[in-house]
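K.L.:
Dropping in input15.txt, with compact mmCIF, C-alpha atoms.
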```txt
# COMPACT_ATOMS: atom_id res chain seq x y z
CA MET A 46 61.85 79.11 93.00
CA THR A 47 63.01 82.53 94.16
CA VAL A 48 66.35 83.98 93.12
CA LEU A 49 67.70 83.71 96.67
CA LYS A 50 66.74 80.04 96.91
CA ARG A 51 68.47 79.35 93.61
CA ARG A 52 71.57 81.15 94.82
CA ALA A 53 71.56 79.28 98.12
CA GLY A 54 71.12 76.02 96.23
CA ALA A 55 74.10 76.82 94.02
CA GLU A 56 76.21 77.63 97.09
CA PHE A 57 75.17 74.37 98.77
CA VAL A 58 75.97 72.26 95.71
CA GLY A 59 79.16 74.10 94.84
CA THR A 60 80.57 73.94 98.37
CA ALA A 61 79.63 70.26 98.64
CA PHE A 62 81.50 69.41 95.44
CA LEU A 63 84.45 71.57 96.48
CA VAL A 64 84.77 69.70 99.77
CA MET A 65 84.33 66.36 98.01
CA ALA A 66 87.25 67.34 95.79
CA VAL A 67 89.40 68.31 98.79
CA VAL A 68 88.59 65.30 100.96
CA GLY A 69 88.18 62.72 98.19
CA SER A 70 91.43 63.61 96.44
CA GLY A 71 93.19 63.53 99.81
CA VAL A 72 91.99 60.00 100.45
CA MET A 73 92.88 58.90 96.93
CA ALA A 74 96.32 60.48 97.16
CA SER A 75 97.11 58.82 100.48
CA ARG A 76 96.11 55.44 99.05
CA LEU A 77 97.96 55.81 95.75
CA SER A 78 101.10 57.37 97.25
CA PRO A 79 101.17 56.17 100.85
CA ASN A 80 104.87 56.86 101.41
CA ASP A 81 105.23 60.25 99.71
CA VAL A 82 103.57 63.16 101.50
CA GLY A 83 104.83 65.65 98.94
CA LEU A 84 103.19 63.74 96.11
CA GLN A 85 100.00 63.46 98.16
CA LEU A 86 99.90 67.24 98.55
CA LEU A 87 100.55 67.75 94.83
CA GLN A 88 97.68 65.45 93.89
CA ASN A 89 95.39 67.08 96.46
CA SER A 90 96.22 70.62 95.33
CA LEU A 91 95.81 69.92 91.61
CA ALA A 92 92.45 68.22 92.12
CA THR A 93 91.19 71.06 94.32
CA GLY A 94 92.32 73.80 91.94
CA ALA A 95 90.85 72.07 88.90
CA ALA A 96 87.54 71.45 90.68
CA LEU A 97 87.36 75.11 91.70
CA VAL A 98 87.78 76.27 88.11
CA ALA A 99 85.08 73.93 86.85
CA LEU A 100 82.61 74.71 89.65
CA ILE A 101 82.99 78.49 89.39
CA VAL A 102 82.60 78.41 85.60
CA ALA A 103 79.46 76.27 85.92
CA LEU A 104 77.79 78.06 88.82
CA GLN A 105 78.97 81.66 88.48
CA PRO A 106 75.80 82.69 86.57
CA VAL A 107 73.81 81.75 89.69
CA SER A 108 76.21 82.03 92.67
CA ALA A 109 79.74 80.75 93.13
CA SER A 110 81.39 82.08 96.28
CA PHE A 111 81.53 78.75 98.20
CA ASN A 112 83.18 80.66 101.06
CA PRO A 113 81.63 82.57 104.00
CA VAL A 114 84.51 85.07 104.06
CA VAL A 115 83.93 85.93 100.40
CA THR A 116 80.22 86.34 101.11
CA LEU A 117 80.91 88.54 104.13
CA LEU A 118 83.11 90.77 102.00
CA GLU A 119 80.39 90.95 99.36
CA ARG A 120 78.08 92.17 102.11
CA ALA A 121 80.65 94.66 103.40
CA LEU A 122 81.06 96.07 99.88
CA GLY A 123 77.29 96.41 99.48
CA MET A 124 77.06 93.81 96.74
CA ILE A 125 74.40 91.78 98.59
CA GLY A 126 72.03 92.36 101.51
CA THR A 127 72.18 90.93 105.02
CA ARG A 128 69.37 88.42 104.46
CA ALA A 129 71.02 87.06 101.32
CA ALA A 130 74.42 86.87 103.02
CA LEU A 131 73.04 84.85 105.93
CA ALA A 132 71.21 82.45 103.60
CA LEU A 133 74.29 81.90 101.42
CA ILE A 134 76.60 81.37 104.40
CA ALA A 135 74.22 78.81 105.92
CA ALA A 136 74.10 76.98 102.58
CA GLN A 137 77.90 76.97 102.38
CA PHE A 138 78.33 75.42 105.82
CA LEU A 139 75.63 72.79 105.18
CA GLY A 140 77.03 72.02 101.73
CA GLY A 141 80.52 71.58 103.13
CA LEU A 142 79.33 69.09 105.74
CA ALA A 143 77.35 67.18 103.12
CA GLY A 144 80.41 67.07 100.88
CA THR A 145 82.56 65.53 103.59
CA VAL A 146 79.96 62.88 104.41
CA LEU A 147 79.65 61.93 100.74
CA ALA A 148 83.43 61.82 100.27
CA ASN A 149 83.79 59.56 103.31
CA LEU A 150 81.08 57.24 102.04
CA MET A 151 82.57 57.09 98.53
CA PHE A 152 85.75 55.64 99.98
CA ASP A 153 83.96 53.17 102.28
CA LEU A 154 84.72 55.18 105.41
CA ASP A 155 82.34 56.02 108.23
CA ALA A 156 80.07 58.90 107.25
CA VAL A 157 81.36 61.01 110.14
CA THR A 158 84.64 60.53 112.00
CA LEU A 159 86.19 63.39 113.95
CA SER A 160 89.65 64.21 112.69
CA SER A 161 92.69 63.62 114.88
CA HIS A 162 94.95 65.77 112.68
CA GLU A 163 96.01 68.67 114.91
CA ARG A 164 96.92 71.85 113.06
CA THR A 165 97.91 74.61 115.45
CA GLY A 166 100.63 77.18 115.98
CA THR A 167 101.45 80.79 115.17
CA GLY A 168 102.99 79.93 111.81
CA LEU A 169 99.92 78.03 110.63
CA TRP A 170 97.57 80.80 111.79
CA LEU A 171 99.67 83.40 109.99
CA GLY A 172 99.53 81.18 106.92
CA GLU A 173 95.74 81.24 107.07
CA VAL A 174 95.64 85.03 107.43
CA ILE A 175 97.85 85.40 104.36
CA ALA A 176 96.05 82.71 102.35
CA THR A 177 92.64 84.27 103.00
CA ALA A 178 93.72 87.86 102.35
CA GLY A 179 95.36 86.77 99.11
CA LEU A 180 92.28 84.86 98.01
CA LEU A 181 90.06 87.90 98.54
CA LEU A 182 92.50 90.10 96.66
CA VAL A 183 92.44 87.66 93.74
CA VAL A 184 88.64 87.31 93.72
CA PHE A 185 87.67 90.95 94.11
CA GLY A 186 90.64 92.35 92.25
CA THR A 187 89.63 90.29 89.23
CA VAL A 188 85.94 91.17 89.52
CA ARG A 189 86.32 94.86 90.35
CA SER A 190 88.74 95.41 87.46
CA GLY A 191 86.09 94.26 85.00
CA ARG A 192 87.39 90.72 84.39
CA ALA A 193 84.76 88.63 86.16
CA ASP A 194 84.88 86.08 83.33
CA ARG A 195 88.41 85.16 84.44
CA VAL A 196 87.80 84.77 88.17
CA ALA A 197 87.44 80.97 87.97
CA PHE A 198 90.94 80.56 86.54
CA ALA A 199 92.42 83.15 88.88
CA VAL A 200 90.95 81.46 91.96
CA GLY A 201 91.81 77.92 90.83
CA GLY A 202 95.39 78.92 90.10
CA TYR A 203 95.77 80.82 93.36
CA ILE A 204 94.45 78.01 95.57
CA THR A 205 96.64 75.44 93.81
CA ALA A 206 99.68 77.62 94.47
CA ALA A 207 98.65 78.57 98.01
CA TYR A 208 98.58 74.88 99.00
CA TRP A 209 102.36 75.09 98.56
CA PHE A 210 103.44 78.58 99.62
CA THR A 211 101.44 78.80 102.86
CA SER A 212 102.34 76.82 105.97
CA SER A 213 98.67 75.93 106.56
CA THR A 214 98.12 74.57 103.02
CA SER A 215 95.54 77.32 102.52
CA PHE A 216 92.18 76.29 103.93
CA ALA A 217 91.12 79.97 103.58
CA ASN A 218 87.45 79.06 104.08
CA PRO A 219 85.49 78.64 107.35
CA ALA A 220 82.88 76.33 105.77
CA VAL A 221 85.56 74.04 104.38
CA THR A 222 87.42 74.14 107.69
CA VAL A 223 84.36 73.01 109.67
CA ALA A 224 83.60 70.34 107.07
CA ARG A 225 87.11 68.92 107.32
CA THR A 226 86.72 68.29 111.06
CA ILE A 227 84.48 65.28 110.38
CA THR A 228 86.90 63.23 108.32
CA ASP A 229 89.91 61.50 109.86
CA THR A 230 91.83 61.46 106.59
CA PHE A 231 94.67 63.34 104.87
CA ALA A 232 92.58 66.52 104.55
CA GLY A 233 91.15 66.48 108.07
CA ILE A 234 91.62 69.01 110.85
CA ALA A 235 90.97 68.26 114.51
CA PRO A 236 87.88 70.04 115.88
CA ALA A 237 90.00 71.72 118.57
CA SER A 238 92.20 73.23 115.83
CA ALA A 239 89.32 74.64 113.77
CA PRO A 240 88.53 77.77 115.87
CA GLY A 241 92.10 79.06 115.51
CA PHE A 242 91.95 78.58 111.75
CA ILE A 243 88.57 80.28 111.47
CA LEU A 244 89.70 83.27 113.53
CA ALA A 245 92.77 83.59 111.32
CA GLN A 246 90.55 83.43 108.23
CA LEU A 247 88.35 86.22 109.57
CA LEU A 248 91.43 88.34 110.26
CA GLY A 249 92.58 87.59 106.72
CA GLY A 250 89.15 88.66 105.52
CA ALA A 251 89.53 92.01 107.29
CA ALA A 252 92.98 92.47 105.74
CA GLY A 253 91.60 91.52 102.35
CA PHE A 254 88.81 94.08 102.69
CA VAL A 255 91.35 96.83 103.35
CA LEU A 256 93.45 95.78 100.37
CA VAL A 257 90.46 95.62 98.03
CA ARG A 258 89.15 99.04 99.08
CA LEU A 259 92.64 100.53 98.79
CA LEU A 260 93.55 99.06 95.41
CA TYR A 261 90.10 98.88 93.78
CA PRO A 262 88.00 101.67 95.32
CA THR A 263 85.48 101.59 92.48
CA LEU A 264 84.16 99.01 90.06
CA ALA A 265 85.58 99.17 86.57
CA PRO A 266 82.94 99.63 83.87
CA ALA A 267 81.90 96.42 82.17
CA PRO A 268 83.40 96.07 78.68
CA ALA A 269 80.96 97.09 75.97
CA PRO A 270 79.76 94.25 73.72
CA ALA A 271 81.42 94.21 70.33
CA THR A 272 79.24 95.49 67.51
CA ALA A 273 79.12 93.76 64.17
CA THR A 274 81.22 96.54 62.64
CA SER A 275 83.93 96.42 65.31
CA ALA A 276 84.02 92.61 65.22
CA GLU A 277 84.44 92.63 61.45
CA ALA A 278 87.21 95.21 61.77
CA ALA A 279 88.99 93.09 64.37
CA ASN A 280 88.72 90.03 62.13
CA ARG A 281 90.15 91.95 59.20
CA LYS A 282 93.05 93.12 61.38
CA VAL A 283 93.82 89.56 62.48
CA LEU A 284 93.63 88.21 58.94
CA SER A 285 95.70 90.97 57.36
```
Taking this structure as input, can you express it in the form of structure tokens?

P.N.:
Amino acid sequence: MTVLKRRAGAEFVGTAFLVMAVVGSGVMASRLSPNDVGLQLLQNSLATGAALVALIVALQPVSASFNPVVTLLERALGMIGTRAALALIAAQFLGGLAGTVLANLMFDLDAVTLSSHERTGTGLWLGEVIATAGLLLVVFGTVRSGRADRVAFAVGGYITAAYWFTSSTSFANPAVTVARTITDTFAGIAPASAPGFILAQLLGGAAGFVLVRLLYPTLAPAPAPATATSAEAANRKVLS
């Protein structure tokens, strides 16, 4: 299997599990706490953030963007080529749709049901612009400052928080947005509302690109591996 196929496979699987976490936890939350929307959102956000951390840690050695806007920014920064970007984005959209279907089936719902949950309005669109720009700043700020090993925790924490501080509950992902149109559950979004969200996410992506280039114009050098001598010296310092 070629490297690109492996990467596309990781993006498909990772996005599918991410959407299963979003949709599945939304269904579970609405069933366990049917009369408390705030508690439903808390359960949904914690499950999504935790799943993101686990998925990025597991799949980062192969590919772990799970988001077309992140992949587009990788292309804009010259981190990947056009062919790879197109393949990864296609895998993300297909994985997201598969994740929704599987989440619906797990909870004995129809495999595909168009959502009736309308999400529209200037405030929600602004929320998506901010949520997406912030996500890109967190992802690329962490990576470009030489701390790629911490990106999973940074992203998981940010998305958990952004559920609460953005009016849109931080979709921040075109693939996830499209996937959520085919579930008429807590996490769903009406198909007619999706284009507005996706446009806002792309605008947020453009804003995020500007912020990343402004604040992190160059990649920080990767930290040098510790030698035996330096490691022993560090141990002695800790023990003394």

K.L.:
Quick one, how far is atom CA of A:Ala74 from atom CA of A:Leu169?

P.N.:
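Rounded to one decimal, the two atoms are 22.4 Å apart.
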
K.L.:
For A:Val114, list every protein, DNA or RNA residue within 10 Å, evaluated using all atoms listed in the file, and leave out those in the same chain fewer than 5 positions away; present the list as a list in words.

P.N.:
Glu119, Arg120, Ile134, Thr177, Ala178, Leu180, Leu181, Ala217, Asn218, Pro219, Ala220, Ile243, Gln246, Leu247, Leu248, Gly249, Gly250, Ala251 and Gly253 of chain A

K.L.:
Restrict the selected residues to C-alpha atoms and save them as a compact mmCIF listing (two decimals), in the coordinates of the input.

P.N.:
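Result file follows (again-v2.txt):
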```
# COMPACT_ATOMS: atom_id res chain seq x y z
CA GLU A 119 80.39 90.95 99.36
CA ARG A 120 78.08 92.17 102.11
CA ILE A 134 76.60 81.37 104.40
CA THR A 177 92.64 84.27 103.00
CA ALA A 178 93.72 87.86 102.35
CA LEU A 180 92.28 84.86 98.01
CA LEU A 181 90.06 87.90 98.54
CA ALA A 217 91.12 79.97 103.58
CA ASN A 218 87.45 79.06 104.08
CA PRO A 219 85.49 78.64 107.35
CA ALA A 220 82.88 76.33 105.77
CA ILE A 243 88.57 80.28 111.47
CA GLN A 246 90.55 83.43 108.23
CA LEU A 247 88.35 86.22 109.57
CA LEU A 248 91.43 88.34 110.26
CA GLY A 249 92.58 87.59 106.72
CA GLY A 250 89.15 88.66 105.52
CA ALA A 251 89.53 92.01 107.29
CA GLY A 253 91.60 91.52 102.35
```

K.L.:
In Å to one decimal, how far is atom CA of A:Ser108 from atom CA of A:Ala53?

P.N.:
7.7 Å

K.L.:
Using all atoms listed in the file, find the one residue out of A:Leu182, A:Ala239, A:Leu264, A:Leu154 that sits nearest to A:Val115.

P.N.:
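Ranking A:Leu182, A:Ala239, A:Leu264, A:Leu154 by distance to A:Val115, first place goes to A:Leu182.
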
K.L.:
Report the distance between atom CA of A:Ala245 and atom CA of A:Arg225 in Å, rounded to one decimal place.

P.N.:
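Rounded to one decimal, the two atoms are 16.2 Å apart.
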
K.L.:
Within 9 Å of A:Phe198, counting all atoms listed in the file, which residues show up once you throw out same-chain ones fewer than 2 positions away? Write them as an MDAnalysis selection string, please.

P.N.:
chainID A and resid 94:95 97:99 101:102 194:196 200:203

K.L.:
Put the listed atoms of stretch 245-259 of chain A in a box along x, y and z with 8 Å added on every side and give me the centre and edge lengths in Å to one decimal, as lines of an AutoDock Vina configuration file.

P.N.:
```
center_x = 90.9
center_y = 92.0
center_z = 104.7
size_x = 21.1
size_y = 33.1
size_z = 29.3
```

K.L.:
Near A:Ala132, counting all atoms listed in the file, which residues have an atom at most 10 Å away, once you skip same-chain residues fewer than 2 positions from it, shown as a short mmCIF file (atom, residue, chain, number, x, y, z; two decimals) with C-alpha atoms, in the frame of the given file?

P.N.:
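Generated output (result_17.cif):
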```cif
data_model
loop_
_atom_site.label_atom_id
_atom_site.label_comp_id
_atom_site.auth_asym_id
_atom_site.auth_seq_id
_atom_site.Cartn_x
_atom_site.Cartn_y
_atom_site.Cartn_z
CA LEU A 49 67.70 83.71 96.67
CA LYS A 50 66.74 80.04 96.91
CA ARG A 52 71.57 81.15 94.82
CA ALA A 53 71.56 79.28 98.12
CA GLY A 54 71.12 76.02 96.23
CA GLU A 56 76.21 77.63 97.09
CA THR A 127 72.18 90.93 105.02
CA ARG A 128 69.37 88.42 104.46
CA ALA A 129 71.02 87.06 101.32
CA ALA A 130 74.42 86.87 103.02
CA ILE A 134 76.60 81.37 104.40
CA ALA A 135 74.22 78.81 105.92
CA ALA A 136 74.10 76.98 102.58
CA GLN A 137 77.90 76.97 102.38
#
```

K.L.:
Give me, as a count of residues only, all polymer residues having an atom no more than 8 Å from A:Val221, counting only C-alpha atoms and skipping those fewer than 6 positions away in the same chain.

P.N.:
5

K.L.:
Using all atoms listed in the file for the distances, tell me which of A:Ala121, A:Met65, A:Ala232, A:Met46 is nearest to A:Leu150.

P.N.:
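Nearest candidate to A:Leu150 out of A:Ala121, A:Met65, A:Ala232, A:Met46: A:Met65.
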
K.L.:
With only C-alpha atoms as the basis for distance, which of A:Val48, A:Val223, A:Leu131, A:Val146 is at the shortest distance from A:Ser238?

P.N.:
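Using only C-alpha atoms, A:Ser238 sits closest to A:Val223.
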
K.L.:
Pick from A:Val67, A:Ala265, A:Leu171, A:Ala206: nearest to A:Gly191, with all atoms listed in the file counted?

P.N.:
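For A:Gly191, the nearest of the candidates is A:Ala265.
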
K.L.:
Just checking: using all atoms listed in the file, which residue out of A:Ala55, A:Thr145, A:Ala176, A:Arg76 ends up closest to A:Ala103?

P.N.:
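Comparing A:Ala55, A:Thr145, A:Ala176, A:Arg76 against A:Ala103, the winner is A:Ala55.
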
K.L.:
List the neighbours of stretch 256-262 of chain A out to 10 Å using only C-alpha atoms; skip same-chain residues closer than 4 positions along the sequence, and give me the result as a list of chain:residue names.

P.N.:
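These residues fall inside the cut-off: A:Leu118, A:Leu122, A:Ala178, A:Gly179, A:Leu181, A:Leu182, A:Val183, A:Val184, A:Phe185, A:Gly186, A:Thr187, A:Val188, A:Arg189, A:Ser190, A:Gly250, A:Ala251, A:Ala252.
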
K.L.:
Within 6 Å of (80.5, 61.8, 109.8) in the file's own coordinates, which protein, DNA or RNA residues have an atom, counting all atoms listed in the file? List them as a PyMOL selection string.

P.N.:
chain A and resi 146+156-158+227

K.L.:
Which of these residues is nearest to A:Val58, using only C-alpha atoms: A:Asn89, A:Asn80, A:Ser110, A:Thr167?

P.N.:
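Under the stated criterion, the closest residue is A:Ser110.
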
K.L.:
Some atoms are missing, so please complete stretch 237-248 of chain A with all heavy atoms and return it as a short mmCIF file (atom, residue, chain, number, x, y, z; two decimals), keeping the file's coordinate frame.

P.N.:
```
data_model
loop_
_atom_site.label_atom_id
_atom_site.label_comp_id
_atom_site.auth_asym_id
_atom_site.auth_seq_id
_atom_site.Cartn_x
_atom_site.Cartn_y
_atom_site.Cartn_z
N ALA A 237 89.40 70.73 117.66
CA ALA A 237 90.00 71.72 118.57
C ALA A 237 90.89 72.72 117.82
O ALA A 237 91.14 73.82 118.32
CB ALA A 237 90.84 71.00 119.63
N SER A 238 91.36 72.34 116.62
CA SER A 238 92.20 73.23 115.83
C SER A 238 91.40 74.18 114.95
O SER A 238 91.93 75.20 114.49
CB SER A 238 93.15 72.42 114.94
OG SER A 238 93.99 71.57 115.70
N ALA A 239 90.13 73.86 114.70
CA ALA A 239 89.32 74.64 113.77
C ALA A 239 89.09 76.08 114.21
O ALA A 239 89.18 76.99 113.38
CB ALA A 239 87.99 73.93 113.52
N PRO A 240 88.78 76.36 115.49
CA PRO A 240 88.53 77.77 115.87
C PRO A 240 89.71 78.69 115.57
O PRO A 240 89.51 79.83 115.11
CB PRO A 240 88.25 77.68 117.37
CG PRO A 240 87.70 76.31 117.57
CD PRO A 240 88.48 75.45 116.61
N GLY A 241 90.93 78.24 115.81
CA GLY A 241 92.10 79.06 115.51
C GLY A 241 92.20 79.37 114.03
O GLY A 241 92.53 80.50 113.63
N PHE A 242 91.92 78.37 113.20
CA PHE A 242 91.95 78.58 111.75
C PHE A 242 90.87 79.56 111.31
O PHE A 242 91.11 80.45 110.49
CB PHE A 242 91.76 77.23 111.03
CG PHE A 242 93.06 76.56 110.65
CD1 PHE A 242 94.04 76.31 111.61
CD2 PHE A 242 93.32 76.19 109.34
CE1 PHE A 242 95.23 75.70 111.27
CE2 PHE A 242 94.51 75.58 108.98
CZ PHE A 242 95.48 75.34 109.96
N ILE A 243 89.67 79.40 111.87
CA ILE A 243 88.57 80.28 111.47
C ILE A 243 88.82 81.72 111.89
O ILE A 243 88.57 82.66 111.13
CB ILE A 243 87.24 79.75 112.04
CG1 ILE A 243 86.87 78.42 111.38
CG2 ILE A 243 86.11 80.77 111.84
CD1 ILE A 243 85.70 77.71 112.01
N LEU A 244 89.36 81.91 113.09
CA LEU A 244 89.70 83.27 113.53
C LEU A 244 90.74 83.87 112.60
O LEU A 244 90.63 85.05 112.21
CB LEU A 244 90.22 83.23 114.97
CG LEU A 244 90.68 84.58 115.54
CD1 LEU A 244 89.55 85.60 115.51
CD2 LEU A 244 91.22 84.41 116.95
N ALA A 245 91.75 83.09 112.24
CA ALA A 245 92.77 83.59 111.32
C ALA A 245 92.16 83.94 109.96
O ALA A 245 92.55 84.94 109.34
CB ALA A 245 93.87 82.54 111.15
N GLN A 246 91.21 83.14 109.50
CA GLN A 246 90.55 83.43 108.23
C GLN A 246 89.75 84.73 108.29
O GLN A 246 89.73 85.51 107.33
CB GLN A 246 89.65 82.25 107.85
CG GLN A 246 90.43 81.00 107.47
CD GLN A 246 89.64 79.72 107.66
OE1 GLN A 246 88.45 79.74 107.98
NE2 GLN A 246 90.30 78.60 107.48
N LEU A 247 89.09 84.97 109.42
CA LEU A 247 88.35 86.22 109.57
C LEU A 247 89.29 87.42 109.61
O LEU A 247 88.99 88.48 109.04
CB LEU A 247 87.48 86.17 110.83
CG LEU A 247 86.34 85.14 110.80
CD1 LEU A 247 85.64 85.08 112.15
CD2 LEU A 247 85.34 85.47 109.70
N LEU A 248 90.44 87.26 110.27
CA LEU A 248 91.43 88.34 110.26
C LEU A 248 91.96 88.57 108.84
O LEU A 248 92.16 89.71 108.42
CB LEU A 248 92.58 87.99 111.21
CG LEU A 248 92.24 87.98 112.71
CD1 LEU A 248 93.44 87.48 113.52
CD2 LEU A 248 91.83 89.37 113.17
#
```
